[in-house]
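Below is start.txt, which holds compact mmCIF, C-alpha atoms.
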# COMPACT_ATOMS: atom_id res chain seq x y z
CA MET A 15 -33.42 -17.29 4.44
CA SER A 16 -30.98 -16.39 7.20
CA THR A 17 -30.80 -12.74 8.24
CA SER A 18 -27.00 -12.89 8.22
CA LEU A 19 -26.94 -12.73 4.39
CA THR A 20 -25.35 -9.67 2.85
CA LYS A 21 -27.49 -7.41 0.65
CA GLY A 22 -25.85 -8.92 -2.45
CA GLU A 23 -26.57 -12.47 -1.28
CA LYS A 24 -30.18 -11.54 -0.56
CA THR A 25 -30.56 -10.10 -4.06
CA ARG A 26 -29.01 -13.22 -5.55
CA ASP A 27 -31.44 -15.43 -3.60
CA LYS A 28 -34.38 -13.32 -4.69
CA ILE A 29 -33.36 -13.55 -8.35
CA ILE A 30 -33.09 -17.33 -8.09
CA ARG A 31 -36.49 -17.71 -6.36
CA LYS A 32 -38.31 -15.50 -8.85
CA ALA A 33 -36.50 -17.01 -11.85
CA ALA A 34 -37.34 -20.55 -10.69
CA ALA A 35 -41.08 -19.84 -10.95
CA VAL A 36 -40.74 -18.19 -14.37
CA PHE A 37 -38.51 -20.89 -15.90
CA ASN A 38 -40.77 -23.62 -14.49
CA GLN A 39 -43.90 -22.10 -16.02
CA ARG A 40 -42.58 -20.88 -19.36
CA GLY A 41 -39.69 -23.25 -19.97
CA TYR A 42 -36.04 -22.40 -20.37
CA SER A 43 -36.23 -21.34 -24.03
CA GLY A 44 -39.55 -19.58 -23.50
CA THR A 45 -38.18 -17.31 -20.78
CA SER A 46 -36.71 -14.01 -21.90
CA ILE A 47 -34.38 -11.74 -19.97
CA SER A 48 -37.05 -9.01 -20.06
CA GLU A 49 -39.48 -11.33 -18.23
CA LEU A 50 -36.81 -12.08 -15.63
CA MET A 51 -36.24 -8.32 -15.26
CA GLU A 52 -39.96 -7.74 -14.77
CA GLU A 53 -40.32 -10.52 -12.20
CA THR A 54 -37.27 -9.53 -10.18
CA GLY A 55 -37.74 -5.78 -10.57
CA LEU A 56 -34.06 -5.53 -11.56
CA GLU A 57 -32.29 -4.11 -14.60
CA LYS A 58 -30.41 -6.46 -16.91
CA GLY A 59 -27.12 -5.37 -15.33
CA GLY A 60 -28.52 -6.09 -11.87
CA ILE A 61 -29.20 -9.68 -12.87
CA TYR A 62 -25.92 -10.17 -14.73
CA ARG A 63 -23.95 -8.85 -11.77
CA HIS A 64 -24.89 -12.13 -10.06
CA PHE A 65 -24.99 -14.59 -12.97
CA GLU A 66 -22.73 -14.84 -15.98
CA SER A 67 -25.52 -15.90 -18.31
CA LYS A 68 -29.14 -17.00 -18.59
CA GLU A 69 -27.78 -20.59 -18.70
CA GLU A 70 -26.09 -20.17 -15.32
CA LEU A 71 -29.19 -18.59 -13.76
CA ALA A 72 -31.35 -21.41 -15.14
CA VAL A 73 -29.10 -24.02 -13.49
CA ALA A 74 -29.22 -22.16 -10.15
CA ALA A 75 -33.02 -21.82 -10.45
CA PHE A 76 -33.43 -25.54 -11.17
CA ASP A 77 -31.21 -26.51 -8.24
CA TYR A 78 -33.27 -24.20 -5.99
CA ALA A 79 -36.60 -25.63 -7.24
CA TRP A 80 -35.40 -29.19 -6.78
CA SER A 81 -33.99 -28.52 -3.31
CA GLU A 82 -37.39 -27.09 -2.27
CA ILE A 83 -39.12 -30.22 -3.58
CA GLU A 84 -36.63 -32.46 -1.76
CA LYS A 85 -36.90 -30.47 1.45
CA ARG A 86 -40.68 -30.86 1.52
CA ARG A 87 -40.47 -34.51 0.64
CA ARG A 88 -37.91 -35.23 3.34
CA ALA A 89 -39.91 -33.36 6.01
CA MET A 90 -43.00 -35.38 5.14
CA LEU A 91 -41.21 -38.74 4.99
CA ASP A 92 -39.43 -38.13 8.32
CA GLU A 93 -42.84 -38.37 9.98
CA ILE A 94 -43.41 -41.91 8.69
CA PRO A 95 -41.62 -44.74 10.54
CA THR A 96 -41.45 -47.61 8.00
CA PRO A 97 -39.87 -47.87 4.51
CA LEU A 98 -43.08 -49.20 2.92
CA GLY A 99 -45.07 -46.45 4.64
CA LYS A 100 -42.64 -43.85 3.30
CA LEU A 101 -43.16 -45.16 -0.25
CA HIS A 102 -46.95 -44.88 0.17
CA GLY A 103 -46.45 -41.39 1.63
CA MET A 104 -44.24 -40.21 -1.24
CA ILE A 105 -46.92 -41.25 -3.73
CA ASP A 106 -49.64 -39.37 -1.85
CA GLY A 107 -47.42 -36.33 -1.46
CA PHE A 108 -46.70 -36.18 -5.18
CA ALA A 109 -50.26 -36.85 -6.31
CA VAL A 110 -52.09 -34.64 -3.85
CA LYS A 111 -49.90 -31.69 -2.83
CA PRO A 112 -49.36 -28.69 -5.12
CA SER A 113 -45.81 -28.35 -6.43
CA ALA A 114 -43.26 -26.46 -4.33
CA VAL A 115 -42.55 -24.10 -7.23
CA PRO A 116 -45.39 -22.93 -9.53
CA GLY A 117 -45.59 -24.69 -12.90
CA GLY A 118 -45.52 -28.39 -11.97
CA CYS A 119 -42.58 -30.76 -11.67
CA ALA A 120 -39.29 -28.95 -12.26
CA LEU A 121 -37.65 -32.21 -13.27
CA MET A 122 -40.09 -32.98 -16.09
CA ASN A 123 -40.24 -29.38 -17.25
CA THR A 124 -36.47 -29.29 -17.51
CA ALA A 125 -36.14 -32.77 -18.96
CA ILE A 126 -38.59 -32.51 -21.77
CA VAL A 127 -36.97 -30.36 -24.42
CA ALA A 128 -34.47 -32.51 -26.27
CA ASP A 129 -32.29 -29.67 -27.45
CA ASP A 130 -32.59 -26.43 -25.52
CA GLY A 131 -28.97 -25.34 -25.86
CA ASN A 132 -28.29 -25.71 -22.13
CA PRO A 133 -26.50 -29.02 -21.51
CA ALA A 134 -25.53 -28.00 -17.94
CA LEU A 135 -29.22 -27.69 -17.08
CA ARG A 136 -29.95 -31.15 -18.47
CA ALA A 137 -27.02 -32.59 -16.51
CA HIS A 138 -28.47 -31.17 -13.27
CA ALA A 139 -31.91 -32.60 -14.12
CA ARG A 140 -30.33 -35.98 -14.87
CA GLU A 141 -28.55 -35.92 -11.50
CA ALA A 142 -31.80 -34.98 -9.70
CA LEU A 143 -33.58 -37.94 -11.31
CA ARG A 144 -30.69 -40.25 -10.37
CA LYS A 145 -30.86 -39.14 -6.72
CA TRP A 146 -34.64 -39.51 -6.59
CA LEU A 147 -34.39 -43.03 -8.04
CA ASP A 148 -31.63 -43.87 -5.54
CA SER A 149 -33.72 -42.71 -2.58
CA LEU A 150 -36.72 -44.83 -3.65
CA GLU A 151 -34.49 -47.83 -4.36
CA ALA A 152 -33.01 -47.49 -0.88
CA LEU A 153 -36.51 -47.49 0.65
CA VAL A 154 -37.48 -50.65 -1.27
CA ARG A 155 -34.23 -52.32 -0.18
CA GLN A 156 -34.84 -51.34 3.45
CA GLY A 157 -38.39 -52.68 3.14
CA ILE A 158 -37.00 -56.02 1.94
CA GLU A 159 -34.44 -56.11 4.77
CA LYS A 160 -37.13 -55.40 7.36
CA GLY A 161 -39.38 -58.09 5.90
CA GLU A 162 -42.05 -55.59 4.80
CA ILE A 163 -41.46 -56.18 1.10
CA ALA A 164 -41.07 -59.53 -0.64
CA LEU A 165 -37.65 -60.94 -1.48
CA GLY A 166 -37.11 -61.05 -5.23
CA VAL A 167 -38.67 -57.65 -5.86
CA SER A 168 -36.34 -55.44 -7.91
CA PRO A 169 -35.75 -52.12 -6.08
CA ALA A 170 -34.63 -50.46 -9.34
CA ALA A 171 -37.71 -51.58 -11.27
CA ILE A 172 -40.13 -50.49 -8.51
CA ALA A 173 -38.43 -47.09 -8.13
CA SER A 174 -38.46 -46.52 -11.88
CA THR A 175 -42.13 -47.52 -12.23
CA ILE A 176 -43.27 -45.27 -9.37
CA ILE A 177 -41.55 -42.20 -10.79
CA ALA A 178 -42.64 -42.91 -14.39
CA THR A 179 -46.29 -43.38 -13.41
CA LEU A 180 -46.39 -40.22 -11.27
CA GLU A 181 -44.60 -38.01 -13.79
CA GLY A 182 -46.69 -39.21 -16.72
CA ALA A 183 -49.91 -38.77 -14.76
CA LEU A 184 -48.91 -35.26 -13.72
CA MET A 185 -48.36 -34.34 -17.37
CA MET A 186 -51.80 -35.71 -18.26
CA SER A 187 -53.56 -34.02 -15.33
CA ARG A 188 -51.97 -30.68 -16.14
CA LEU A 189 -52.79 -30.92 -19.84
CA SER A 190 -56.39 -32.01 -19.34
CA ASN A 191 -56.95 -29.88 -16.25
CA ASP A 192 -58.41 -32.95 -14.59
CA ARG A 193 -57.19 -34.68 -11.43
CA SER A 194 -58.25 -38.18 -12.49
CA PRO A 195 -54.96 -39.29 -14.13
CA LEU A 196 -53.12 -38.46 -10.88
CA ASP A 197 -55.84 -40.14 -8.81
CA ASN A 198 -55.65 -43.26 -10.97
CA ALA A 199 -51.85 -43.30 -10.71
CA ARG A 200 -52.00 -42.97 -6.94
CA LYS A 201 -54.46 -45.85 -6.54
CA HIS A 202 -52.53 -48.02 -9.00
CA LEU A 203 -49.22 -47.46 -7.19
CA HIS A 204 -50.71 -48.06 -3.73
CA ARG A 205 -52.01 -51.37 -5.07
CA LEU A 206 -48.57 -52.18 -6.51
CA LEU A 207 -47.00 -51.57 -3.08
CA ASP A 208 -49.73 -53.66 -1.41
CA ASP A 209 -48.90 -56.47 -3.84
CA ILE A 210 -45.16 -56.48 -3.23
CA GLY A 211 -45.86 -56.12 0.48
CA ARG A 212 -48.54 -58.77 0.62
CA LYS A 213 -46.28 -61.49 -0.71
CA VAL A 214 -44.28 -61.34 2.52
CA ARG A 215 -47.13 -62.18 4.84
CA MET B 8 -47.86 -37.62 -50.53
CA SER B 9 -50.12 -37.81 -53.56
CA THR B 10 -48.72 -36.52 -56.84
CA SER B 11 -51.98 -34.71 -57.54
CA LEU B 12 -51.06 -31.95 -55.08
CA THR B 13 -50.44 -28.50 -56.51
CA LYS B 14 -47.02 -26.92 -56.10
CA GLY B 15 -48.41 -24.71 -53.32
CA GLU B 16 -49.88 -27.70 -51.48
CA LYS B 17 -46.60 -29.56 -51.79
CA THR B 18 -44.72 -26.59 -50.31
CA ARG B 19 -47.24 -26.35 -47.47
CA ASP B 20 -46.82 -30.07 -46.70
CA LYS B 21 -43.05 -29.75 -46.75
CA ILE B 22 -43.15 -26.81 -44.35
CA ILE B 23 -45.36 -28.79 -41.95
CA ARG B 24 -43.15 -31.90 -42.07
CA LYS B 25 -39.94 -29.98 -41.48
CA ALA B 26 -41.50 -27.75 -38.82
CA ALA B 27 -42.88 -30.79 -36.96
CA ALA B 28 -39.37 -32.15 -36.40
CA VAL B 29 -38.00 -28.76 -35.28
CA PHE B 30 -40.87 -27.95 -32.89
CA ASN B 31 -40.72 -31.46 -31.43
CA GLN B 32 -37.01 -31.21 -30.71
CA ARG B 33 -36.69 -27.61 -29.60
CA GLY B 34 -40.15 -26.90 -28.21
CA TYR B 35 -42.64 -24.34 -29.39
CA SER B 36 -41.07 -21.34 -27.60
CA GLY B 37 -37.57 -22.52 -28.39
CA THR B 38 -38.17 -22.54 -32.15
CA SER B 39 -37.45 -19.34 -34.01
CA ILE B 40 -38.67 -18.34 -37.45
CA SER B 41 -35.07 -18.24 -38.65
CA GLU B 42 -34.65 -21.92 -37.72
CA LEU B 43 -37.83 -22.76 -39.60
CA MET B 44 -36.48 -20.80 -42.59
CA GLU B 45 -33.23 -22.73 -42.46
CA GLU B 46 -34.94 -26.13 -42.19
CA THR B 47 -37.43 -25.48 -44.98
CA GLY B 48 -35.05 -23.53 -47.20
CA LEU B 49 -37.72 -20.84 -47.56
CA GLU B 50 -37.78 -17.12 -46.90
CA LYS B 51 -39.99 -15.74 -44.14
CA GLY B 52 -42.53 -14.60 -46.75
CA GLY B 53 -42.55 -18.08 -48.26
CA ILE B 54 -43.57 -19.57 -44.92
CA TYR B 55 -46.10 -16.87 -44.08
CA ARG B 56 -47.76 -17.24 -47.48
CA HIS B 57 -49.04 -20.59 -46.15
CA PHE B 58 -49.53 -19.87 -42.43
CA GLU B 59 -50.84 -16.75 -40.75
CA SER B 60 -48.51 -17.09 -37.78
CA LYS B 61 -46.02 -19.30 -35.97
CA GLU B 62 -48.95 -20.35 -33.74
CA GLU B 63 -50.91 -21.64 -36.73
CA LEU B 64 -47.91 -23.48 -38.15
CA ALA B 65 -47.23 -25.08 -34.74
CA VAL B 66 -50.81 -26.40 -34.59
CA ALA B 67 -50.56 -27.83 -38.12
CA ALA B 68 -47.17 -29.38 -37.27
CA PHE B 69 -48.54 -30.97 -34.09
CA ASP B 70 -51.55 -32.39 -35.95
CA TYR B 71 -49.23 -33.81 -38.60
CA ALA B 72 -46.90 -35.38 -35.98
CA TRP B 73 -49.80 -36.90 -34.09
CA SER B 74 -51.45 -38.24 -37.26
CA GLU B 75 -48.15 -39.97 -38.15
CA ILE B 76 -48.00 -41.53 -34.68
CA GLU B 77 -51.65 -42.67 -34.95
CA LYS B 78 -51.16 -44.02 -38.46
CA ARG B 79 -48.24 -46.20 -37.35
CA ARG B 80 -50.07 -47.34 -34.25
CA ARG B 81 -53.19 -48.27 -36.19
CA ALA B 82 -51.21 -50.19 -38.83
CA MET B 83 -49.49 -52.19 -36.10
CA LEU B 84 -52.66 -52.88 -34.10
CA ASP B 85 -54.61 -53.96 -37.19
CA GLU B 86 -52.28 -56.98 -37.37
CA ILE B 87 -53.31 -58.16 -33.88
CA PRO B 88 -56.66 -59.98 -33.59
CA THR B 89 -57.67 -59.60 -29.91
CA PRO B 90 -58.30 -56.50 -27.74
CA LEU B 91 -55.95 -57.69 -24.96
CA GLY B 92 -53.32 -58.50 -27.57
CA LYS B 93 -53.68 -55.02 -29.04
CA LEU B 94 -53.09 -53.50 -25.60
CA HIS B 95 -49.91 -55.56 -25.19
CA GLY B 96 -48.88 -54.55 -28.73
CA MET B 97 -49.44 -50.85 -28.10
CA ILE B 98 -47.17 -51.01 -25.05
CA ASP B 99 -44.41 -52.74 -27.01
CA GLY B 100 -44.77 -50.34 -29.92
CA PHE B 101 -44.42 -47.32 -27.65
CA ALA B 102 -41.55 -48.69 -25.58
CA VAL B 103 -39.49 -50.20 -28.36
CA LYS B 104 -40.04 -48.31 -31.62
CA PRO B 105 -38.42 -44.93 -32.27
CA SER B 106 -40.87 -42.02 -32.45
CA ALA B 107 -42.52 -41.23 -35.79
CA VAL B 108 -41.22 -37.65 -35.62
CA PRO B 109 -37.71 -36.91 -34.21
CA GLY B 110 -37.67 -35.56 -30.64
CA GLY B 111 -39.82 -38.05 -28.74
CA CYS B 112 -43.54 -37.96 -27.97
CA ALA B 113 -45.19 -34.95 -29.61
CA LEU B 114 -47.98 -35.07 -27.04
CA MET B 115 -45.69 -34.75 -24.02
CA ASN B 116 -43.45 -32.19 -25.70
CA THR B 117 -46.46 -30.04 -26.47
CA ALA B 118 -48.19 -30.61 -23.14
CA ILE B 119 -45.37 -29.78 -20.84
CA VAL B 120 -44.96 -26.03 -20.87
CA ALA B 121 -47.70 -24.56 -18.70
CA ASP B 122 -47.78 -21.19 -20.41
CA ASP B 123 -46.35 -21.03 -23.91
CA GLY B 124 -48.73 -18.40 -25.28
CA ASN B 125 -50.34 -20.82 -27.73
CA PRO B 126 -53.66 -22.04 -26.29
CA ALA B 127 -54.78 -23.51 -29.65
CA LEU B 128 -51.76 -25.81 -29.59
CA ARG B 129 -52.60 -26.97 -26.06
CA ALA B 130 -56.21 -27.59 -27.09
CA HIS B 131 -55.04 -29.85 -29.93
CA ALA B 132 -52.72 -31.74 -27.56
CA ARG B 133 -55.59 -32.13 -25.07
CA GLU B 134 -57.81 -33.53 -27.82
CA ALA B 135 -55.07 -35.96 -28.93
CA LEU B 136 -54.72 -37.25 -25.36
CA ARG B 137 -58.51 -37.61 -25.07
CA LYS B 138 -58.67 -39.66 -28.28
CA TRP B 139 -55.76 -41.87 -27.22
CA LEU B 140 -57.42 -42.51 -23.85
CA ASP B 141 -60.72 -43.27 -25.61
CA SER B 142 -59.10 -45.80 -27.94
CA LEU B 143 -57.45 -47.67 -25.02
CA GLU B 144 -60.64 -47.55 -22.98
CA ALA B 145 -62.52 -49.05 -25.95
CA LEU B 146 -59.97 -51.91 -26.16
CA VAL B 147 -60.34 -52.66 -22.43
CA ARG B 148 -64.13 -52.62 -22.78
CA GLN B 149 -63.99 -54.95 -25.79
CA GLY B 150 -61.68 -57.23 -23.81
CA ILE B 151 -64.25 -57.37 -21.00
CA GLU B 152 -67.07 -58.07 -23.46
CA LYS B 153 -65.09 -60.88 -25.09
CA GLY B 154 -64.26 -62.38 -21.70
CA GLU B 155 -60.51 -61.72 -22.06
CA ILE B 156 -60.43 -59.14 -19.27
CA ALA B 157 -62.07 -59.45 -15.85
CA LEU B 158 -65.41 -57.82 -15.12
CA GLY B 159 -65.05 -55.01 -12.62
CA VAL B 160 -61.86 -53.63 -14.18
CA SER B 161 -62.16 -49.89 -14.86
CA PRO B 162 -61.39 -49.18 -18.55
CA ALA B 163 -60.72 -45.50 -17.75
CA ALA B 164 -58.28 -46.31 -14.93
CA ILE B 165 -56.37 -48.90 -17.00
CA ALA B 166 -56.12 -46.59 -20.01
CA SER B 167 -54.92 -43.71 -17.85
CA THR B 168 -52.32 -45.85 -16.05
CA ILE B 169 -50.91 -47.26 -19.29
CA ILE B 170 -50.42 -43.84 -20.86
CA ALA B 171 -49.04 -42.26 -17.67
CA THR B 172 -46.49 -45.05 -17.16
CA LEU B 173 -45.29 -44.99 -20.78
CA GLU B 174 -45.06 -41.19 -21.03
CA GLY B 175 -43.25 -40.82 -17.70
CA ALA B 176 -40.84 -43.61 -18.58
CA LEU B 177 -40.11 -42.04 -21.96
CA MET B 178 -39.23 -38.77 -20.25
CA MET B 179 -36.87 -40.60 -17.87
CA SER B 180 -35.26 -42.67 -20.63
CA ARG B 181 -34.67 -39.60 -22.79
CA LEU B 182 -33.25 -37.58 -19.90
CA SER B 183 -30.94 -40.32 -18.65
CA ASN B 184 -30.12 -41.67 -22.10
CA ASP B 185 -30.86 -45.13 -20.75
CA ARG B 186 -33.51 -47.57 -21.96
CA SER B 187 -34.16 -49.15 -18.57
CA PRO B 188 -37.07 -46.90 -17.48
CA LEU B 189 -38.95 -47.79 -20.68
CA ASP B 190 -38.01 -51.46 -20.28
CA ASN B 191 -39.26 -51.45 -16.69
CA ALA B 192 -42.48 -49.71 -17.73
CA ARG B 193 -43.08 -52.24 -20.49
CA LYS B 194 -42.62 -55.23 -18.18
CA HIS B 195 -44.74 -53.63 -15.46
CA LEU B 196 -47.62 -52.93 -17.86
CA HIS B 197 -47.52 -56.39 -19.45
CA ARG B 198 -47.81 -57.79 -15.92
CA LEU B 199 -50.72 -55.45 -15.20
CA LEU B 200 -52.52 -56.72 -18.32
CA ASP B 201 -51.72 -60.33 -17.35
CA ASP B 202 -53.27 -59.64 -13.94
CA ILE B 203 -56.51 -58.18 -15.24
CA GLY B 204 -56.62 -60.94 -17.85
CA ARG B 205 -55.76 -63.76 -15.45
CA LYS B 206 -58.72 -63.02 -13.19
CA VAL B 207 -61.03 -64.19 -15.98
CA ARG B 208 -59.63 -67.68 -16.30
Whole structure given in structure tokens:
Amino acid sequence: MSTSLTKGEKTRDKIIRKAAAVFNQRGYSGTSISELMEETGLEKGGIYRHFESKEELAVAAFDYAWSEIEKRRRAMLDEIPTPLGKLHGMIDGFAVKPSAVPGGCALMNTAIVADDGNPALRAHAREALRKWLDSLEALVRQGIEKGEIALGVSPAAIASTIIATLEGALMMSRLSNDRSPLDNARKHLHRLLDDIGRKVR
Amino acid sequence: MSTSLTKGEKTRDKIIRKAAAVFNQRGYSGTSISELMEETGLEKGGIYRHFESKEELAVAAFDYAWSEIEKRRRAMLDEIPTPLGKLHGMIDGFAVKPSAVPGGCALMNTAIVADDGNPALRAHAREALRKWLDSLEALVRQGIEKGEIALGVSPAAIASTIIATLEGALMMSRLSNDRSPLDNARKHLHRLLDDIGRKVR
């Protein structure tokens, strides 16, 4: 946070940060205004001075959570020189590192309820998924162009499979309080990348 | 439903069936008693005559939803003679057929909120996942014993990867309103089974 923020901007940022953790742990419908008041230490009016509604705050909180996840991911991937290496690194980062915001993957937590009365929130989650898929597809394509990954591999299918396997495994690991689903997913996906890489050589 | 049920038992069953669809679509926290009253056409007292609390009803509704899913799955798999064939069939059933209860996979929908104030519900979801994993592990083991699947394959790892990939893909397909993540998952998992099968021959 820059120190040049006004007091109002700082309060707004604080509300978003605190709300992101609450929404991500308790879900959008499961989060009450009184819990948000308790977490932020603000009165109802203090929160609604900055956000028109719980819906609007939830969207801002999701965007914040996702931007934190993306920031971490980008910083980690910038250290890795090759597209195939970045794909391996993304898998390890997801499977091994704790989530940037408490409560697990903000995307899955937001995506899962079919009808939560907040279509704007779902639209932001949909857009986040689209961008994540695009970034993995781009890495697979770059890997093909650089000759690291076999021709004929479908970037869209690989990107989709990586995200599905990681997200599903995270759900299972969180539910069972057991790391093995994430460990299995990680090993399986590294092997998948080895396979599509190996065909080149 | 058997016709030998008493009127009270019939009402209880109806409440569970209706509640299962509401909880699965709106989430446990997102479902209010007034919605359950509207769906069942009963007064609050009429619901609470059969269930001590919303928590207890949610557990009964989850168990009902999961038993419907298992019943369908078992009926489908009974038609397939070989363990490896059953694994292929389970993947197709999950990826292609609509869910037994509206709102997608009851397991994922129940699993996803980290802190919904209903630990009994989470325990039932955890047990459902454990049993699903066990049934897939048993099929992989039977496939190894019958010589359909290569020795050295880990039944636990294969079972975990299949469920993770399907559940994650379902989340993505539901969020993006696009079948391709589930289609990609299905193809990927069939190929995985072909690989662990092919090593035998």
If you take only C-alpha atoms and a cut-off of 7 Å, which residues of chain A touch chain B, and what are their nearest atom pairs and distances in Å to one decimal, in chain and number order, as a Markdown table?
| residue | atom | partner | partner_atom | distance |
| --- | --- | --- | --- | --- |
| A:Gln39 | CA | B:Ala121 | CA | 5.3 |
| A:Arg40 | CA | B:Asp122 | CA | 5.3 |
| A:Gly41 | CA | B:Val120 | CA | 6.0 |
| A:Ser43 | CA | B:Gly37 | CA | 4.7 |
| A:Gly44 | CA | B:Ser36 | CA | 4.7 |
| A:Gly117 | CA | B:Ala121 | CA | 6.2 |
| A:Asn123 | CA | B:Ile119 | CA | 6.3 |
| A:Ala125 | CA | B:Leu182 | CA | 5.7 |
| A:Ile126 | CA | B:Asn116 | CA | 6.3 |
| A:Val127 | CA | B:Arg33 | CA | 5.9 |
| A:Ala128 | CA | B:Gln32 | CA | 5.3 |
| A:Asp129 | CA | B:Arg33 | CA | 5.3 |
| A:Asp130 | CA | B:Arg33 | CA | 5.9 |
| A:Arg140 | CA | B:Ser183 | CA | 5.8 |
| A:Ala171 | CA | B:Asn191 | CA | 5.6 |
| A:Ser174 | CA | B:Pro188 | CA | 5.8 |
| A:Thr175 | CA | B:Ala192 | CA | 5.9 |
| A:Ala178 | CA | B:Gly175 | CA | 4.0 |
| A:Thr179 | CA | B:Thr172 | CA | 4.1 |
| A:Glu181 | CA | B:Gly175 | CA | 5.0 |
| A:Gly182 | CA | B:Gly175 | CA | 3.9 |
| A:Ala183 | CA | B:Ala171 | CA | 4.6 |
| A:Met185 | CA | B:Ile119 | CA | 6.5 |
| A:Leu189 | CA | B:Ala118 | CA | 5.7 |
| A:Ser190 | CA | B:Arg133 | CA | 5.8 |
| A:Pro195 | CA | B:Ser167 | CA | 5.8 |
| A:Asn198 | CA | B:Ala164 | CA | 5.6 |
| A:Ala199 | CA | B:Thr168 | CA | 5.9 |
*CA of Ala67 in chain B and CA of Lys17 in chain B, how far apart in Å?*
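It comes out at 14.3 Å.
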For range 145-156 of chain B: contacts at 7 Å, all atoms listed in the file, fewer than 4 positions along chain excluded, given as a PDB file with C-alpha atoms, in the frame of the given file:
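What landed in out-v6.pdb:
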ATOM      1  CA  PRO B  90     -58.300 -56.500 -27.740  1.00  0.00           C
ATOM      2  CA  LEU B  91     -55.950 -57.690 -24.960  1.00  0.00           C
ATOM      3  CA  ASP B 141     -60.720 -43.270 -25.610  1.00  0.00           C
ATOM      4  CA  PRO B 162     -61.390 -49.180 -18.550  1.00  0.00           C
ATOM      5  CA  ILE B 203     -56.510 -58.180 -15.240  1.00  0.00           C
ATOM      6  CA  GLY B 204     -56.620 -60.940 -17.850  1.00  0.00           C
ATOM      7  CA  VAL B 207     -61.030 -64.190 -15.980  1.00  0.00           C
TER       8      VAL B 207
END
*Tell me, in Å to one decimal, how far CA of Gly55 in chain A is from CA of Ala75 in chain A.*
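Distance between the two atoms: 16.7 Å.
Closest to Leu50 in chain A among A:Lys32, A:Arg63, A:Gly22, A:Lys111 is A:Lys32, based on all atoms listed in the file.
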*Please indicate the distance in Å from CA of Phe76 in chain A to CA of Asp106 in chain A, rounded to one decimal place.*
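Here the two named atoms are 23.3 Å from each other.
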*asked:* Residues within 9 Å of range 67-71 of chain A, please, as a list in words. Count all atoms listed in the file; anything in the same chain fewer than 6 positions from it doesn't count.
replied: Ile29, Ile30, Ala33, Ala34, Tyr42, Ser46, Ile47, Ile61, Gly131, Asn132, Pro133, Ala134 and Leu135 of chain A
Working from the structure I just supplied, which lacks atoms in range 186-199 of chain B, can you model N, CA and C atoms there and output them as a PDB file, in the frame of the given file?
ATOM      1  N   ARG B 186     -32.228 -46.943 -21.621  1.00  0.00           N
ATOM      2  CA  ARG B 186     -33.510 -47.570 -21.960  1.00  0.00           C
ATOM      3  C   ARG B 186     -34.225 -48.183 -20.775  1.00  0.00           C
ATOM      4  N   SER B 187     -33.549 -48.327 -19.626  1.00  0.00           N
ATOM      5  CA  SER B 187     -34.160 -49.150 -18.570  1.00  0.00           C
ATOM      6  C   SER B 187     -35.493 -48.610 -18.043  1.00  0.00           C
ATOM      7  N   PRO B 188     -35.718 -47.299 -17.905  1.00  0.00           N
ATOM      8  CA  PRO B 188     -37.070 -46.900 -17.480  1.00  0.00           C
ATOM      9  C   PRO B 188     -38.165 -47.380 -18.426  1.00  0.00           C
ATOM     10  N   LEU B 189     -37.938 -47.290 -19.732  1.00  0.00           N
ATOM     11  CA  LEU B 189     -38.950 -47.790 -20.680  1.00  0.00           C
ATOM     12  C   LEU B 189     -39.077 -49.310 -20.615  1.00  0.00           C
ATOM     13  N   ASP B 190     -37.944 -49.997 -20.418  1.00  0.00           N
ATOM     14  CA  ASP B 190     -38.010 -51.460 -20.280  1.00  0.00           C
ATOM     15  C   ASP B 190     -38.798 -51.855 -19.036  1.00  0.00           C
ATOM     16  N   ASN B 191     -38.527 -51.162 -17.928  1.00  0.00           N
ATOM     17  CA  ASN B 191     -39.260 -51.450 -16.690  1.00  0.00           C
ATOM     18  C   ASN B 191     -40.753 -51.179 -16.864  1.00  0.00           C
ATOM     19  N   ALA B 192     -41.079 -50.067 -17.525  1.00  0.00           N
ATOM     20  CA  ALA B 192     -42.480 -49.710 -17.730  1.00  0.00           C
ATOM     21  C   ALA B 192     -43.189 -50.782 -18.559  1.00  0.00           C
ATOM     22  N   ARG B 193     -42.517 -51.219 -19.600  1.00  0.00           N
ATOM     23  CA  ARG B 193     -43.080 -52.240 -20.490  1.00  0.00           C
ATOM     24  C   ARG B 193     -43.388 -53.519 -19.708  1.00  0.00           C
ATOM     25  N   LYS B 194     -42.410 -53.990 -18.949  1.00  0.00           N
ATOM     26  CA  LYS B 194     -42.620 -55.230 -18.180  1.00  0.00           C
ATOM     27  C   LYS B 194     -43.738 -55.058 -17.160  1.00  0.00           C
ATOM     28  N   HIS B 195     -43.719 -53.898 -16.485  1.00  0.00           N
ATOM     29  CA  HIS B 195     -44.740 -53.630 -15.460  1.00  0.00           C
ATOM     30  C   HIS B 195     -46.138 -53.644 -16.080  1.00  0.00           C
ATOM     31  N   LEU B 196     -46.286 -53.029 -17.243  1.00  0.00           N
ATOM     32  CA  LEU B 196     -47.620 -52.930 -17.860  1.00  0.00           C
ATOM     33  C   LEU B 196     -48.069 -54.273 -18.449  1.00  0.00           C
ATOM     34  N   HIS B 197     -47.136 -55.044 -18.992  1.00  0.00           N
ATOM     35  CA  HIS B 197     -47.520 -56.390 -19.450  1.00  0.00           C
ATOM     36  C   HIS B 197     -48.044 -57.208 -18.261  1.00  0.00           C
ATOM     37  N   ARG B 198     -47.361 -57.065 -17.111  1.00  0.00           N
ATOM     38  CA  ARG B 198     -47.810 -57.790 -15.920  1.00  0.00           C
ATOM     39  C   ARG B 198     -49.196 -57.313 -15.473  1.00  0.00           C
ATOM     40  N   LEU B 199     -49.393 -55.996 -15.551  1.00  0.00           N
ATOM     41  CA  LEU B 199     -50.720 -55.450 -15.200  1.00  0.00           C
ATOM     42  C   LEU B 199     -51.802 -56.064 -16.089  1.00  0.00           C
TER      43      LEU B 199
END
